[in-house]
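First up is the structure itself, then whatever we jot down about it.
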Amino acid sequence: MSSRERKKEALYKKLKQLRSVTHSTAVNKTSIIIDASKYIEELKEKVQKLNQAASSSSSDQNSLPMVSVETLEKGFRINVFLQKDCPGLLVTILEAFEELGLDVLDASVSCSDNFRLEAIGGENEGQEDSIDAQVVKQGVLEAIKKWSENN
């Protein structure tokens with residue numbers, strides 16, 4: 001097979017892929033490319049609308065905490081994120097852990113420009129009642145609420 005035939009075959013495959021991705025029904029090269037450019041413009045508009053929606057809702061949600069609690073074999077992985085600097089919040093959350101009967105086994109914290117905490121908490125050995133992830137999450141959210149009321 002000559003070099004020209006290979007190039008022609010490669011171009012044919014690429015046009016076939018482009019036609020498939022853009023859901024084009026065109027058969028000639030020019031129509032496939034025109035359909036592809038229209039498809040790209042539609043995608044750009046969708047991205048622009050999504051970005052506008054995200055920016056309008058994120059300004060409302062910047063002060064809301066994101067808290068997730070995952071149950072591990074012996075304890076919980078707790079993630080807390082707020083898009084603002086929160087002096088004193090770490091202490092409040094650690095007090096909540098203590099009230100819940102959780103020992104912090106490992107933690108990673110960042111408090112510059114925003115607040116991020118990832119902690120592994122295990123239940124105290126002498127604790128009689130077992131707690132679940134929902135109770136831990138509620139305790140952390142209550143601690144954040146308490147902190148925000150004081151600040």
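Each chain of the structure tokens is named A, B, ... in the order shown, its residues numbered from 1; ligands are numbered from 1 in display order.
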Env of Arg116 of chain A: 10 Å cut, atoms = only C-alpha atoms, seq-sep filter 3 positions within chain, self excluded. Answer as a ChimeraX atom specification. /A:65-67,79-86,90,108-113,119
Can I get the selected residues back with all heavy atoms, as a short mmCIF file (atom, residue, chain, number, x, y, z; two decimals), in the first residue's frame?
```
data_model
loop_
_atom_site.label_atom_id
_atom_site.label_comp_id
_atom_site.auth_asym_id
_atom_site.auth_seq_id
_atom_site.Cartn_x
_atom_site.Cartn_y
_atom_site.Cartn_z
N PRO A 65 -20.85 24.59 54.45
CA PRO A 65 -19.81 23.57 54.61
C PRO A 65 -20.13 22.32 53.81
O PRO A 65 -21.29 21.97 53.61
CB PRO A 65 -19.85 23.26 56.10
CG PRO A 65 -21.25 23.55 56.50
CD PRO A 65 -21.70 24.70 55.63
N MET A 66 -19.09 21.67 53.34
CA MET A 66 -19.24 20.35 52.73
C MET A 66 -18.66 19.35 53.73
O MET A 66 -17.49 19.42 54.07
CB MET A 66 -18.50 20.28 51.40
CG MET A 66 -19.13 21.14 50.32
SD MET A 66 -18.51 20.85 48.66
CE MET A 66 -16.78 21.09 48.82
N VAL A 67 -19.51 18.47 54.21
CA VAL A 67 -19.10 17.48 55.21
C VAL A 67 -19.46 16.11 54.69
O VAL A 67 -20.59 15.87 54.28
CB VAL A 67 -19.80 17.73 56.57
CG1 VAL A 67 -19.40 16.66 57.58
CG2 VAL A 67 -19.48 19.11 57.11
N ASN A 79 -14.42 14.27 56.27
CA ASN A 79 -13.92 15.35 55.43
C ASN A 79 -14.79 16.57 55.62
O ASN A 79 -16.02 16.48 55.53
CB ASN A 79 -13.94 14.95 53.95
CG ASN A 79 -12.91 13.90 53.63
OD1 ASN A 79 -11.72 14.13 53.78
ND2 ASN A 79 -13.37 12.73 53.22
N VAL A 80 -14.15 17.71 55.87
CA VAL A 80 -14.86 18.97 56.04
C VAL A 80 -14.19 20.00 55.14
O VAL A 80 -12.96 20.10 55.13
CB VAL A 80 -14.81 19.47 57.51
CG1 VAL A 80 -15.57 20.77 57.66
CG2 VAL A 80 -15.36 18.41 58.45
N PHE A 81 -14.99 20.75 54.39
CA PHE A 81 -14.45 21.79 53.51
C PHE A 81 -15.35 23.00 53.54
O PHE A 81 -16.57 22.89 53.38
CB PHE A 81 -14.32 21.27 52.08
CG PHE A 81 -13.73 22.28 51.15
CD1 PHE A 81 -12.37 22.50 51.13
CD2 PHE A 81 -14.54 23.03 50.31
CE1 PHE A 81 -11.82 23.45 50.29
CE2 PHE A 81 -14.01 23.98 49.47
CZ PHE A 81 -12.64 24.19 49.44
N LEU A 82 -14.76 24.17 53.76
CA LEU A 82 -15.46 25.45 53.67
C LEU A 82 -14.61 26.38 52.81
O LEU A 82 -13.39 26.39 52.94
CB LEU A 82 -15.66 26.10 55.04
CG LEU A 82 -16.84 25.59 55.85
CD1 LEU A 82 -16.44 24.43 56.71
CD2 LEU A 82 -17.39 26.71 56.68
N GLN A 83 -15.25 27.18 51.97
CA GLN A 83 -14.53 28.07 51.08
C GLN A 83 -14.23 29.41 51.73
O GLN A 83 -14.36 30.44 51.09
CB GLN A 83 -15.30 28.26 49.78
CG GLN A 83 -15.36 27.02 48.96
CD GLN A 83 -15.22 27.30 47.49
OE1 GLN A 83 -15.19 28.43 47.05
NE2 GLN A 83 -15.15 26.26 46.71
N LYS A 84 -13.83 29.38 52.97
CA LYS A 84 -13.42 30.61 53.64
C LYS A 84 -12.49 30.24 54.78
O LYS A 84 -12.47 29.10 55.25
CB LYS A 84 -14.62 31.40 54.14
CG LYS A 84 -15.48 30.67 55.15
CD LYS A 84 -16.65 31.52 55.57
CE LYS A 84 -17.50 30.80 56.60
NZ LYS A 84 -18.60 31.59 57.08
N ASP A 85 -11.72 31.21 55.22
CA ASP A 85 -10.83 31.02 56.35
C ASP A 85 -11.69 30.97 57.61
O ASP A 85 -12.61 31.77 57.76
CB ASP A 85 -9.86 32.20 56.41
CG ASP A 85 -8.78 32.00 57.44
OD1 ASP A 85 -8.54 30.85 57.84
OD2 ASP A 85 -8.16 33.01 57.84
N CYS A 86 -11.43 30.02 58.49
CA CYS A 86 -12.30 29.80 59.65
C CYS A 86 -11.47 29.68 60.92
O CYS A 86 -11.29 28.56 61.45
CB CYS A 86 -13.14 28.55 59.46
SG CYS A 86 -14.12 28.54 57.98
N LEU A 90 -11.34 24.50 63.85
CA LEU A 90 -10.72 23.20 64.12
C LEU A 90 -10.93 22.80 65.58
O LEU A 90 -11.30 21.66 65.86
CB LEU A 90 -9.22 23.24 63.79
CG LEU A 90 -8.46 21.95 64.06
CD1 LEU A 90 -9.03 20.79 63.24
CD2 LEU A 90 -6.98 22.14 63.76
N SER A 108 -5.34 15.61 58.59
CA SER A 108 -4.68 16.55 57.70
C SER A 108 -5.56 17.79 57.67
O SER A 108 -6.76 17.69 57.41
CB SER A 108 -4.56 15.94 56.30
OG SER A 108 -4.08 16.90 55.40
N VAL A 109 -4.95 18.97 57.94
CA VAL A 109 -5.73 20.20 58.05
C VAL A 109 -5.06 21.30 57.25
O VAL A 109 -3.84 21.43 57.27
CB VAL A 109 -5.84 20.65 59.52
CG1 VAL A 109 -6.68 21.92 59.63
CG2 VAL A 109 -6.41 19.56 60.39
N SER A 110 -5.87 22.09 56.57
CA SER A 110 -5.39 23.29 55.90
C SER A 110 -6.33 24.43 56.27
O SER A 110 -7.55 24.28 56.18
CB SER A 110 -5.39 23.09 54.38
OG SER A 110 -5.08 24.31 53.74
N CYS A 111 -5.75 25.54 56.69
CA CYS A 111 -6.58 26.66 57.14
C CYS A 111 -6.25 27.95 56.40
O CYS A 111 -6.62 29.03 56.84
CB CYS A 111 -6.40 26.89 58.64
SG CYS A 111 -6.89 25.48 59.63
N SER A 112 -5.52 27.89 55.29
CA SER A 112 -5.18 29.11 54.57
C SER A 112 -6.15 29.31 53.41
O SER A 112 -6.33 28.44 52.59
CB SER A 112 -3.74 29.04 54.06
OG SER A 112 -3.58 27.96 53.18
N ASP A 113 -6.78 30.45 53.37
CA ASP A 113 -7.77 30.86 52.36
C ASP A 113 -9.09 30.08 52.46
O ASP A 113 -10.13 30.62 52.17
CB ASP A 113 -7.23 30.73 50.94
CG ASP A 113 -6.07 31.66 50.67
OD1 ASP A 113 -6.05 32.76 51.26
OD2 ASP A 113 -5.19 31.30 49.88
N ALA A 119 -9.90 13.73 58.52
CA ALA A 119 -9.51 13.07 59.76
C ALA A 119 -10.01 11.63 59.77
O ALA A 119 -11.06 11.33 59.21
CB ALA A 119 -10.09 13.82 60.96
#
```
Just the strand (DSSP E) stuff from segment 1-149 of chain A, please, per backbone DSSP, written as a ChimeraX atom specification. /A:66-72,75-82,102-110,115-123
Just checking: using only C-alpha atoms, which residue out of A:Glu149, A:Leu18, A:Glu98, A:Asn51 ends up closest to Thr30 of chain A? A:Leu18
Taking the chain letters and numbering used in this document, name the residues of chain A that DSSP puts in helix (DSSP H, G or I), as a PyMOL selection string. chain A and resi 3-21+29-61+89-100+133-150
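Among the candidate residues A:Lys14, A:Gly122, A:Glu5, A:Val21, the one lying nearest to Glu73 of chain A is A:Gly122, with distances computed using only C-alpha atoms.
Excluding Ala133 of chain A itself and any same-chain residue fewer than 6 positions from it, the protein and nucleic acid residues within 9 Å of it, counting only C-alpha atoms, are Ser68, Val69, Glu70, Thr71, Gly75, Phe76 and Ile78 of chain A.
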